[in-house]
Every structure is written in C-alpha cells, then in structure tokens.
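> As input, take query-v6.csv (CSV, C-alpha atoms):
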```
chain,number,residue,atom,x,y,z
A,1,MET,CA,97.2,90.6,78.2
A,2,LYS,CA,99.2,87.9,76.6
A,3,LEU,CA,99.7,84.7,78.5
A,4,SER,CA,103.5,84.9,78.2
A,5,ALA,CA,103.4,88.1,80.3
A,6,LEU,CA,102.7,85.8,83.2
A,7,ILE,CA,105.9,83.8,82.8
A,8,PRO,CA,108.0,86.0,85.2
A,9,LEU,CA,105.3,85.8,87.8
A,10,GLY,CA,105.3,82.0,87.4
A,11,ILE,CA,109.1,81.9,87.8
A,12,PHE,CA,108.8,84.1,90.9
A,13,ALA,CA,106.2,81.8,92.4
A,14,VAL,CA,108.3,78.7,91.9
A,15,LEU,CA,111.3,80.4,93.3
A,16,ALA,CA,109.3,81.7,96.3
A,17,VAL,CA,108.1,78.2,97.1
A,18,PHE,CA,111.6,76.7,97.0
A,19,LEU,CA,113.1,79.5,99.1
A,20,TYR,CA,110.2,79.3,101.6
A,21,LYS,CA,110.7,75.5,101.9
A,22,GLY,CA,114.4,76.2,102.3
A,23,LEU,CA,113.7,78.2,105.5
A,24,GLU,CA,112.5,75.1,107.2
A,25,LEU,CA,115.3,72.8,106.1
A,26,LYS,CA,117.9,71.8,108.7
A,27,PRO,CA,121.2,71.3,106.9
A,28,ARG,CA,122.9,70.5,110.2
A,29,GLU,CA,120.8,67.4,110.7
A,30,VAL,CA,122.6,65.0,108.4
A,31,PRO,CA,120.6,61.8,107.9
A,32,SER,CA,122.3,59.1,109.8
A,33,PRO,CA,123.2,55.9,107.9
A,34,PHE,CA,122.8,54.0,111.1
A,35,ILE,CA,119.0,54.0,111.2
A,36,GLY,CA,117.9,50.4,110.9
A,37,LYS,CA,121.4,49.1,111.6
A,38,PRO,CA,122.7,47.4,114.7
A,39,VAL,CA,124.5,49.6,117.2
A,40,PRO,CA,128.3,49.3,116.6
A,41,GLU,CA,130.0,47.0,119.0
A,42,PHE,CA,132.4,48.5,121.5
A,43,THR,CA,133.8,47.9,125.0
A,44,LEU,CA,134.8,50.9,127.0
A,45,PRO,CA,135.7,51.5,130.7
A,46,LYS,CA,133.0,52.7,133.0
A,47,LEU,CA,133.3,56.2,134.4
A,48,MET,CA,131.9,55.6,137.8
A,49,VAL,CA,133.2,52.1,138.5
A,50,ASP,CA,136.9,51.6,138.3
A,51,GLY,CA,138.1,48.5,136.4
A,52,LYS,CA,134.7,47.6,134.9
A,53,THR,CA,133.8,47.9,131.3
A,54,ILE,CA,130.5,48.4,129.5
A,55,SER,CA,129.3,47.3,126.0
A,56,PRO,CA,126.0,47.7,124.2
A,57,ASN,CA,125.5,44.0,124.5
A,58,ASP,CA,124.9,44.5,128.2
A,59,LEU,CA,121.6,46.3,127.4
A,60,LYS,CA,120.3,43.8,124.9
A,61,GLY,CA,116.6,42.9,125.2
A,62,LYS,CA,115.6,46.3,126.4
A,63,VAL,CA,114.6,49.5,124.7
A,64,TRP,CA,117.3,51.9,125.6
A,65,MET,CA,119.0,55.1,124.6
A,66,LEU,CA,122.6,56.1,124.0
A,67,ASN,CA,123.3,59.7,124.9
A,68,VAL,CA,126.6,61.3,123.8
A,69,PHE,CA,127.6,64.0,126.2
A,70,ALA,CA,130.6,65.9,127.6
A,71,SER,CA,131.2,68.4,130.3
A,72,TRP,CA,132.7,70.9,127.8
A,73,CYS,CA,129.5,70.8,125.8
A,74,VAL,CA,127.2,73.7,126.4
A,75,SER,CA,124.1,72.2,124.7
A,76,CYS,CA,124.5,69.1,126.9
A,77,ARG,CA,124.0,71.3,129.9
A,78,ALA,CA,120.9,72.7,128.2
A,79,GLU,CA,119.3,69.3,127.5
A,80,HIS,CA,120.3,67.7,130.8
A,81,ASP,CA,117.2,68.8,132.7
A,82,VAL,CA,114.8,67.7,130.0
A,83,LEU,CA,116.6,64.4,129.6
A,84,THR,CA,116.8,63.7,133.3
A,85,ARG,CA,113.0,64.3,133.7
A,86,PHE,CA,112.2,62.1,130.7
A,87,ILE,CA,114.5,59.2,131.8
A,88,LYS,CA,113.1,59.3,135.4
A,89,ALA,CA,109.5,59.4,134.3
A,90,GLU,CA,109.7,56.6,131.7
A,91,LYS,CA,112.5,54.6,133.4
A,92,VAL,CA,114.5,54.3,130.2
A,93,PRO,CA,117.9,52.7,130.6
A,94,VAL,CA,120.4,55.1,129.2
A,95,LEU,CA,124.0,54.5,128.4
A,96,GLY,CA,125.9,57.8,128.5
A,97,LEU,CA,128.9,58.1,126.2
A,98,ASN,CA,131.3,60.6,127.8
A,99,TYR,CA,132.9,61.9,124.6
A,100,LYS,CA,136.4,63.3,124.5
A,101,ASP,CA,136.2,64.5,128.1
A,102,GLN,CA,138.4,64.3,131.2
A,103,PRO,CA,136.9,61.8,133.6
A,104,LYS,CA,137.5,64.2,136.5
A,105,ASP,CA,135.6,67.0,134.7
A,106,ALA,CA,132.7,64.6,133.8
A,107,LYS,CA,132.4,63.4,137.4
A,108,GLU,CA,132.2,67.0,138.7
A,109,TRP,CA,129.7,67.9,136.0
A,110,LEU,CA,127.5,65.0,137.0
A,111,ALA,CA,127.9,65.7,140.7
A,112,ALA,CA,126.7,69.3,140.1
A,113,LEU,CA,123.8,68.5,137.7
A,114,GLY,CA,122.8,65.0,138.7
A,115,ASN,CA,123.4,61.7,137.0
A,116,PRO,CA,120.5,60.2,135.1
A,117,TYR,CA,122.5,57.5,133.3
A,118,GLN,CA,122.4,53.9,134.1
A,119,HIS,CA,125.9,53.3,132.7
A,120,ILE,CA,128.5,55.8,131.6
A,121,ALA,CA,131.2,54.8,129.1
A,122,VAL,CA,134.4,56.7,128.8
A,123,ASP,CA,135.4,57.5,125.2
A,124,LEU,CA,138.6,59.5,125.9
A,125,GLU,CA,139.9,59.5,122.3
A,126,GLY,CA,136.5,59.8,120.6
A,127,SER,CA,137.1,56.7,118.6
A,128,VAL,CA,133.7,55.1,119.5
A,129,GLY,CA,132.3,58.5,118.6
A,130,ILE,CA,133.6,58.2,115.1
A,131,ASP,CA,132.2,54.6,114.9
A,132,LEU,CA,128.8,56.0,115.8
A,133,GLY,CA,129.2,58.9,113.3
A,134,VAL,CA,129.0,61.5,116.0
A,135,TYR,CA,129.7,65.0,114.7
A,136,GLY,CA,127.9,67.3,117.1
A,137,VAL,CA,127.5,66.6,120.8
A,138,PRO,CA,124.9,66.0,122.3
A,139,GLU,CA,123.5,63.2,120.2
A,140,THR,CA,120.9,60.7,121.3
A,141,PHE,CA,120.2,57.3,119.8
A,142,VAL,CA,117.1,55.2,120.4
A,143,ILE,CA,117.9,51.4,120.3
A,144,ASP,CA,115.3,48.7,120.2
A,145,LYS,CA,115.3,45.3,121.9
A,146,GLN,CA,117.2,43.7,119.1
A,147,GLY,CA,120.0,46.2,119.4
A,148,ILE,CA,119.0,48.1,116.2
A,149,ILE,CA,119.3,51.9,116.1
A,150,ARG,CA,115.8,53.2,115.3
A,151,HIS,CA,116.2,57.0,115.8
A,152,LYS,CA,118.9,59.5,116.1
A,153,GLN,CA,118.6,63.0,117.6
A,154,THR,CA,121.4,65.4,116.7
A,155,GLY,CA,121.7,68.3,119.1
A,156,PRO,CA,119.9,68.9,122.4
A,157,VAL,CA,116.7,67.2,123.4
A,158,PHE,CA,113.9,69.6,124.2
A,159,ASP,CA,110.5,69.0,125.8
A,160,GLU,CA,109.1,69.1,122.3
A,161,THR,CA,111.6,66.4,121.1
A,162,VAL,CA,110.5,64.2,123.9
A,163,ARG,CA,106.8,64.8,123.3
A,164,ASN,CA,106.9,64.4,119.5
A,165,ASP,CA,109.7,61.9,118.8
A,166,LEU,CA,111.3,60.1,121.7
A,167,LEU,CA,108.3,59.2,123.9
A,168,PRO,CA,106.0,57.9,121.1
A,169,LEU,CA,108.9,55.9,119.6
A,170,ILE,CA,109.9,54.3,122.9
A,171,LEU,CA,106.4,53.4,123.8
A,172,LYS,CA,106.0,51.8,120.4
A,173,LEU,CA,109.3,49.9,120.6
A,174,ARG,CA,108.4,48.5,124.0
A,175,GLU,CA,105.4,46.8,122.3
A,176,GLU,CA,107.6,45.0,119.9
A,177,LYS,CA,108.8,41.5,120.9
A,178,SER,CA,112.4,40.9,121.7
B,1,MET,CA,140.6,98.7,77.8
B,2,LYS,CA,140.8,95.5,75.7
B,3,ARG,CA,144.6,95.4,76.0
B,4,PHE,CA,144.5,95.1,79.8
B,5,LEU,CA,142.0,92.3,79.9
B,6,PRO,CA,144.3,89.3,79.4
B,7,LYS,CA,146.7,90.6,82.0
B,8,SER,CA,144.0,91.2,84.7
B,9,LEU,CA,142.4,87.9,83.8
B,10,LEU,CA,145.7,86.1,84.3
B,11,MET,CA,146.1,87.7,87.7
B,12,LEU,CA,142.7,86.7,88.7
B,13,ILE,CA,143.3,83.1,87.7
B,14,THR,CA,146.6,83.1,89.6
B,15,CYS,CA,144.9,84.4,92.7
B,16,ILE,CA,142.2,81.7,92.5
B,17,ALA,CA,144.8,79.0,92.0
B,18,LEU,CA,146.8,80.2,95.0
B,19,LEU,CA,143.6,80.3,97.1
B,20,GLY,CA,142.8,76.7,96.3
B,21,SER,CA,146.1,75.2,96.9
B,22,GLY,CA,148.3,75.0,99.9
B,23,SER,CA,145.7,74.5,102.5
B,24,ILE,CA,146.9,71.0,103.3
B,25,LEU,CA,150.6,71.8,103.2
B,26,ALA,CA,150.7,73.0,106.8
B,27,ASP,CA,149.6,69.5,108.0
B,28,ALA,CA,151.4,67.4,105.5
B,29,GLU,CA,154.7,69.1,106.4
B,30,ARG,CA,154.5,67.8,109.9
B,31,MET,CA,153.5,64.3,108.9
B,32,THR,CA,155.8,61.6,107.7
B,33,PHE,CA,154.6,59.1,105.2
B,34,LYS,CA,156.0,55.7,104.5
B,35,ASN,CA,155.9,56.3,100.8
B,36,ALA,CA,154.7,58.7,98.1
B,37,GLN,CA,151.6,56.7,97.4
B,38,SER,CA,150.5,57.0,101.0
B,39,GLU,CA,151.0,60.8,100.9
B,40,THR,CA,149.0,61.2,97.7
B,41,ASP,CA,146.2,59.1,99.0
B,42,TYR,CA,146.1,61.1,102.2
B,43,THR,CA,146.2,64.4,100.5
B,44,LYS,CA,143.5,63.4,98.0
B,45,LEU,CA,141.2,61.9,100.7
B,46,VAL,CA,141.3,64.8,103.2
B,47,ASN,CA,140.4,67.1,100.3
B,48,GLU,CA,137.5,64.9,99.3
B,49,LEU,CA,135.9,64.4,102.7
B,50,ARG,CA,133.5,67.0,104.2
B,51,CYS,CA,133.9,68.2,107.8
B,52,LEU,CA,130.5,67.7,109.3
B,53,VAL,CA,130.9,70.5,111.9
B,54,CYS,CA,131.7,73.3,109.5
B,55,GLN,CA,129.8,71.8,106.5
B,56,ASN,CA,131.3,73.9,103.7
B,57,GLN,CA,134.8,72.9,104.4
B,58,THR,CA,136.8,69.7,103.7
B,59,ILE,CA,138.5,68.1,106.6
B,60,ALA,CA,141.7,69.4,105.2
B,61,ASP,CA,140.5,73.0,105.5
B,62,SER,CA,138.7,72.7,108.7
B,63,ASP,CA,140.2,73.4,112.1
B,64,ALA,CA,137.3,71.7,114.0
B,65,ASP,CA,138.2,69.0,116.5
B,66,LEU,CA,136.3,66.4,114.6
B,67,ALA,CA,138.2,67.3,111.4
B,68,LYS,CA,141.5,66.8,113.2
B,69,ASP,CA,140.3,63.4,114.5
B,70,LEU,CA,139.1,62.4,111.0
B,71,ARG,CA,142.4,63.5,109.5
B,72,ALA,CA,144.3,61.3,112.0
B,73,LYS,CA,142.0,58.4,111.2
B,74,VAL,CA,142.6,58.8,107.4
B,75,TYR,CA,146.3,59.0,108.1
B,76,ASP,CA,146.2,55.8,110.2
B,77,MET,CA,144.2,54.0,107.6
B,78,VAL,CA,146.4,55.0,104.6
B,79,GLU,CA,149.6,54.3,106.5
B,80,GLY,CA,148.1,50.9,107.5
B,81,GLY,CA,147.9,50.1,103.8
B,82,GLN,CA,144.2,50.7,103.2
B,83,THR,CA,143.1,51.9,99.7
B,84,GLN,CA,141.3,55.1,99.0
B,85,ASP,CA,138.1,53.2,98.4
B,86,GLN,CA,138.4,51.5,101.8
B,87,VAL,CA,138.7,54.8,103.6
B,88,ILE,CA,135.8,56.3,101.6
B,89,ASP,CA,133.7,53.2,102.6
B,90,TYR,CA,134.7,53.6,106.2
B,91,MET,CA,133.6,57.2,106.3
B,92,THR,CA,130.3,56.8,104.4
B,93,THR,CA,129.2,53.9,106.6
B,94,ARG,CA,129.6,56.2,109.6
B,95,TYR,CA,128.6,59.6,108.3
B,96,GLY,CA,126.6,58.8,105.1
B,97,ASP,CA,127.0,60.1,101.6
B,98,PHE,CA,127.0,63.6,103.1
B,99,VAL,CA,130.7,63.2,104.1
B,100,LEU,CA,131.6,63.2,100.4
B,101,TYR,CA,132.5,66.7,99.2
B,102,ARG,CA,131.7,65.6,95.7
B,103,PRO,CA,128.5,63.7,95.8
B,104,ALA,CA,128.5,60.2,94.3
B,105,PHE,CA,126.8,59.9,90.9
B,106,LYS,CA,123.8,57.7,91.4
B,107,MET,CA,120.0,57.7,91.1
B,108,LYS,CA,119.4,59.9,94.1
B,109,THR,CA,121.9,62.5,93.0
B,110,LEU,CA,121.0,62.5,89.3
B,111,LEU,CA,119.1,65.8,89.4
B,112,LEU,CA,122.0,67.4,91.3
B,113,TRP,CA,124.5,66.4,88.6
B,114,LEU,CA,122.4,66.7,85.5
B,115,GLY,CA,120.1,69.6,86.6
B,116,PRO,CA,122.5,72.4,85.5
B,117,ILE,CA,123.1,70.8,82.1
B,118,VAL,CA,119.4,70.3,81.6
B,119,PHE,CA,118.7,73.9,82.5
B,120,LEU,CA,121.5,75.1,80.2
B,121,LEU,CA,120.1,73.1,77.3
B,122,LEU,CA,116.6,74.3,78.0
B,123,ALA,CA,117.8,77.9,78.0
B,124,ILE,CA,119.7,77.4,74.7
B,125,PHE,CA,116.6,75.9,73.2
B,126,PHE,CA,114.4,78.8,74.2
B,127,VAL,CA,117.0,81.4,73.1
B,128,ILE,CA,117.3,79.8,69.7
B,129,ARG,CA,113.5,79.6,69.3
B,130,TRP,CA,113.2,83.2,70.3
B,131,VAL,CA,115.9,84.4,67.9
B,132,ARG,CA,114.4,82.5,65.1
B,133,SER,CA,111.0,83.9,65.6
B,134,GLN,CA,112.5,87.4,65.6
B,135,ALA,CA,114.2,86.7,62.3
B,136,THR,CA,111.1,85.4,60.5
B,137,SER,CA,108.7,88.1,61.7
B,138,PRO,CA,108.3,91.0,59.1
B,139,GLN,CA,110.7,93.9,59.7
B,140,SER,CA,108.1,96.6,60.1
B,141,SER,CA,108.7,99.8,61.9
B,142,GLY,CA,105.0,100.1,62.6
B,143,LEU,CA,104.7,103.4,60.8
B,144,SER,CA,102.4,104.1,57.9
B,145,GLU,CA,103.7,105.3,54.6
B,146,ALA,CA,102.8,108.9,55.4
B,147,GLN,CA,104.4,108.9,58.8
B,148,GLN,CA,107.6,107.5,57.3
B,149,GLU,CA,107.6,110.3,54.7
B,150,SER,CA,107.3,112.9,57.4
B,151,VAL,CA,110.1,111.3,59.4
B,152,ARG,CA,112.4,111.4,56.4
B,153,ASP,CA,111.5,115.1,55.9
B,154,LEU,CA,112.4,115.9,59.5
B,155,LEU,CA,115.7,114.1,59.2
B,156,ASN,CA,116.6,115.9,56.0
B,157,LYS,CA,115.8,119.2,57.5
B,158,THR,CA,118.2,118.9,60.4
B,159,GLN,CA,121.1,117.9,58.2
```
Translate this structure into structure tokens?

Amino acid sequence: MKLSALIPLGIFAVLAVFLYKGLELKPREVPSPFIGKPVPEFTLPKLMVDGKTISPNDLKGKVWMLNVFASWCVSCRAEHDVLTRFIKAEKVPVLGLNYKDQPKDAKEWLAALGNPYQHIAVDLEGSVGIDLGVYGVPETFVIDKQGIIRHKQTGPVFDETVRNDLLPLILKLREEKS
Amino acid sequence: MKRFLPKSLLMLITCIALLGSGSILADAERMTFKNAQSETDYTKLVNELRCLVCQNQTIADSDADLAKDLRAKVYDMVEGGQTQDQVIDYMTTRYGDFVLYRPAFKMKTLLLWLGPIVFLLLAIFFVIRWVRSQATSPQSSGLSEAQQESVRDLLNKTQ
C-alpha cells in the first residue's frame, strides 16, 4: 500500500481530534477582561437598609466575593443553596449585586430562601452590571485584599465549582498580605 | 438551463441583500439623533458589537435585555459626542475582544484571519502539483499491443 493512501485517514484523525476537543469548549464562558484588574468603583443604595449606600471600598482589606443575582433569575435560585453553604462555612464576606430587579421582589426572594449576603447593592438600571461586564446572571467575582478581581464564575456555582475553584482560591488569597 | 442562471442568481443576491439590511431600521426609526453623523455612528456600532447573550447576533439584531441596554448605552455615548473608537474601547474593556463581531487583526487572531487564505494557497499549490504530475506521466492505457489490436477489432465489428 502506498503511503499516500493514508492521507484521508490522517485528515480524518486531525478533524476528529479538533471536533472532540470542541465538545469540551464552553463558548458561553467568555474570558473576562477584568481578571487582574481592580474592581470597578461604584456606589449603590443598599437593599436592606434605607438611605445607606455601599461601595467595593467598604470591603477593602478582605478577600471577598461579589455575586450578581436577581429574583427573576432561575439559575440564581439553583445556586443559592450551594452558595449559602459555602459562605457560611468559610465566612466569606459577599456583596450581592441585585441586578435589574424590583427591590420588593428581591426582598421576598431573600425572605423565602435566606439571605447569605453581608451587603446587598441595588442596581436597578443594570448600569453597574455593564461596568462589570455582566452578561449572564448569576456571576460571581472573587476579589483579593487589594481589591483586584482574581476570578470570575459565569453561571451558577455548583458544589464542584466551590471544591475545584472557589475554595482553593479563597484559601490561597487569604495567605497573601494586604 | 444556462439562460435561467443569471436571473435566478440575481434573485438570490437580492434575497440575501434584503435579509442583511433593515434589521436596525425598526429601532432607528423610533430614535432621534442630533445629527446625521451621530446616526451613522450608532448604526455602524450596533452592527459591529456582539450580543453576549445570544452570541451569534449583533446587538442590533438581538432582542435580549442586555442587547437593549447596550444599544441604549451606545446611543447615549454617541449622542454625548463620543467617537466610534471611544465606544469600542468602552465595550472591550468591559466585555473583552469577544464583543467585537469582527475580531481585531492582531497577533492572537492572526491564524483566524490568515488561516483560510493559507489553506486556499496550500490547496492551489497541491492541485497544480497534481495536475502537472498527471501531464508529465506517459499517456499509456495499460494495454499491450495485442490487447489494443483486439479492442480495435471489437469496435470495428460493432460498427
């Protein structure tokens, strides 16, 4: 048999490798340009306390998370349990960004499911969401002691996400000096 | 058959052209711009930016909530006197290069842009080489003199 007869097989093998790899790609997870950058500055009214505002500066010096959520978001409901358990176990301060939601709906949602957030900011128009490059709720950012975004999770947090990504990273970041 | 081809081709082109245009008209009609430049900028930008929710649509085509917000943002920015580059900058710092429907031409995207051309050139090269090798190889039917004789006999018989 001539060697050139193997060319179609070779082409097939290359294609198969590419297509197989393609199965594992997640095109929805767009790499965030914010990794390694400071968390964008904002000041928003608090959901639970009337007349008070919250800004990322208030959490400086701690390793914290910013979780974008909304009562209309089904995946937020799905991740809520996992997130709550994680936050309670590791005592991570979390700023919830209530994204394009009615404050009344958000309060009802939290009353029914429990409130794991240390602070909740109201982003009624979604403008802070745009500044954070939010495109699919829920999204979770991990921010270090310097206020630098170190990780972004797009979509719901699962037990697996906590185990593989969030927990190891948070433990590591806590070791860093502020 | 040949006579119909140009006509049907023309119709096809017209259909494609119609499909591509007009998507933005619905929105632009309801918006008022301070000047023509602002409107061209807006129309160009919303057709250049990708909606991140439905990733194969521009924000002009998409009906997603985020696309609406981004259209409003683009509108505010161009009406506020910002240039196209400033708007593109604003979007890429927040959403990354992915937000550009036409990827930027740079080191990271070199293969993406030049890949098809490289493959085409490679294909042309191999085709030419193959055609040439065909032309130079002796034109033999693979039959011996005696076999050719009997073929000729058979052909003559049937006539």
> Please, which residues in chain B fall within 6 Å of chain A when counting all atoms listed in the file, and what is the closest atom pair and distance in Å to one decimal for each, ordered by chain then residue number, as a Markdown table?

```
| residue | atom | partner | partner_atom | distance |
| --- | --- | --- | --- | --- |
| B:Arg94 | CA | A:Gly133 | CA | 4.6 |
| B:Tyr95 | CA | A:Gly133 | CA | 5.1 |
| B:Gly96 | CA | A:Pro33 | CA | 5.3 |
```
> So the first atom is atom CA of A:Gly114 and the second is atom CA of A:Pro138; what is the distance between them in Å, to one decimal place?
16.6 Å
> Report, in Å to a single decimal, how far apart atom CA of B:Asp97 and atom CA of B:Met31 are.
27.8 Å
> One number please: atom CA of B:Arg129 to atom CA of B:Leu114, in Å, one decimal.
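The value is 22.5 Å.
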> Counting all atoms listed in the file, which residues have an atom no more than 12 Å from (112.0, 55.1, 132.8) in the file's coordinates? Please list them as a PyMOL selection string.
chain A and resi 62-65+83-94+116-118+167+170-171+174
> Pick the closest to A:Lys104 from A:Ala70, A:Val39, A:Cys76, A:Leu166: which is it, counting all atoms listed in the file?
A:Ala70
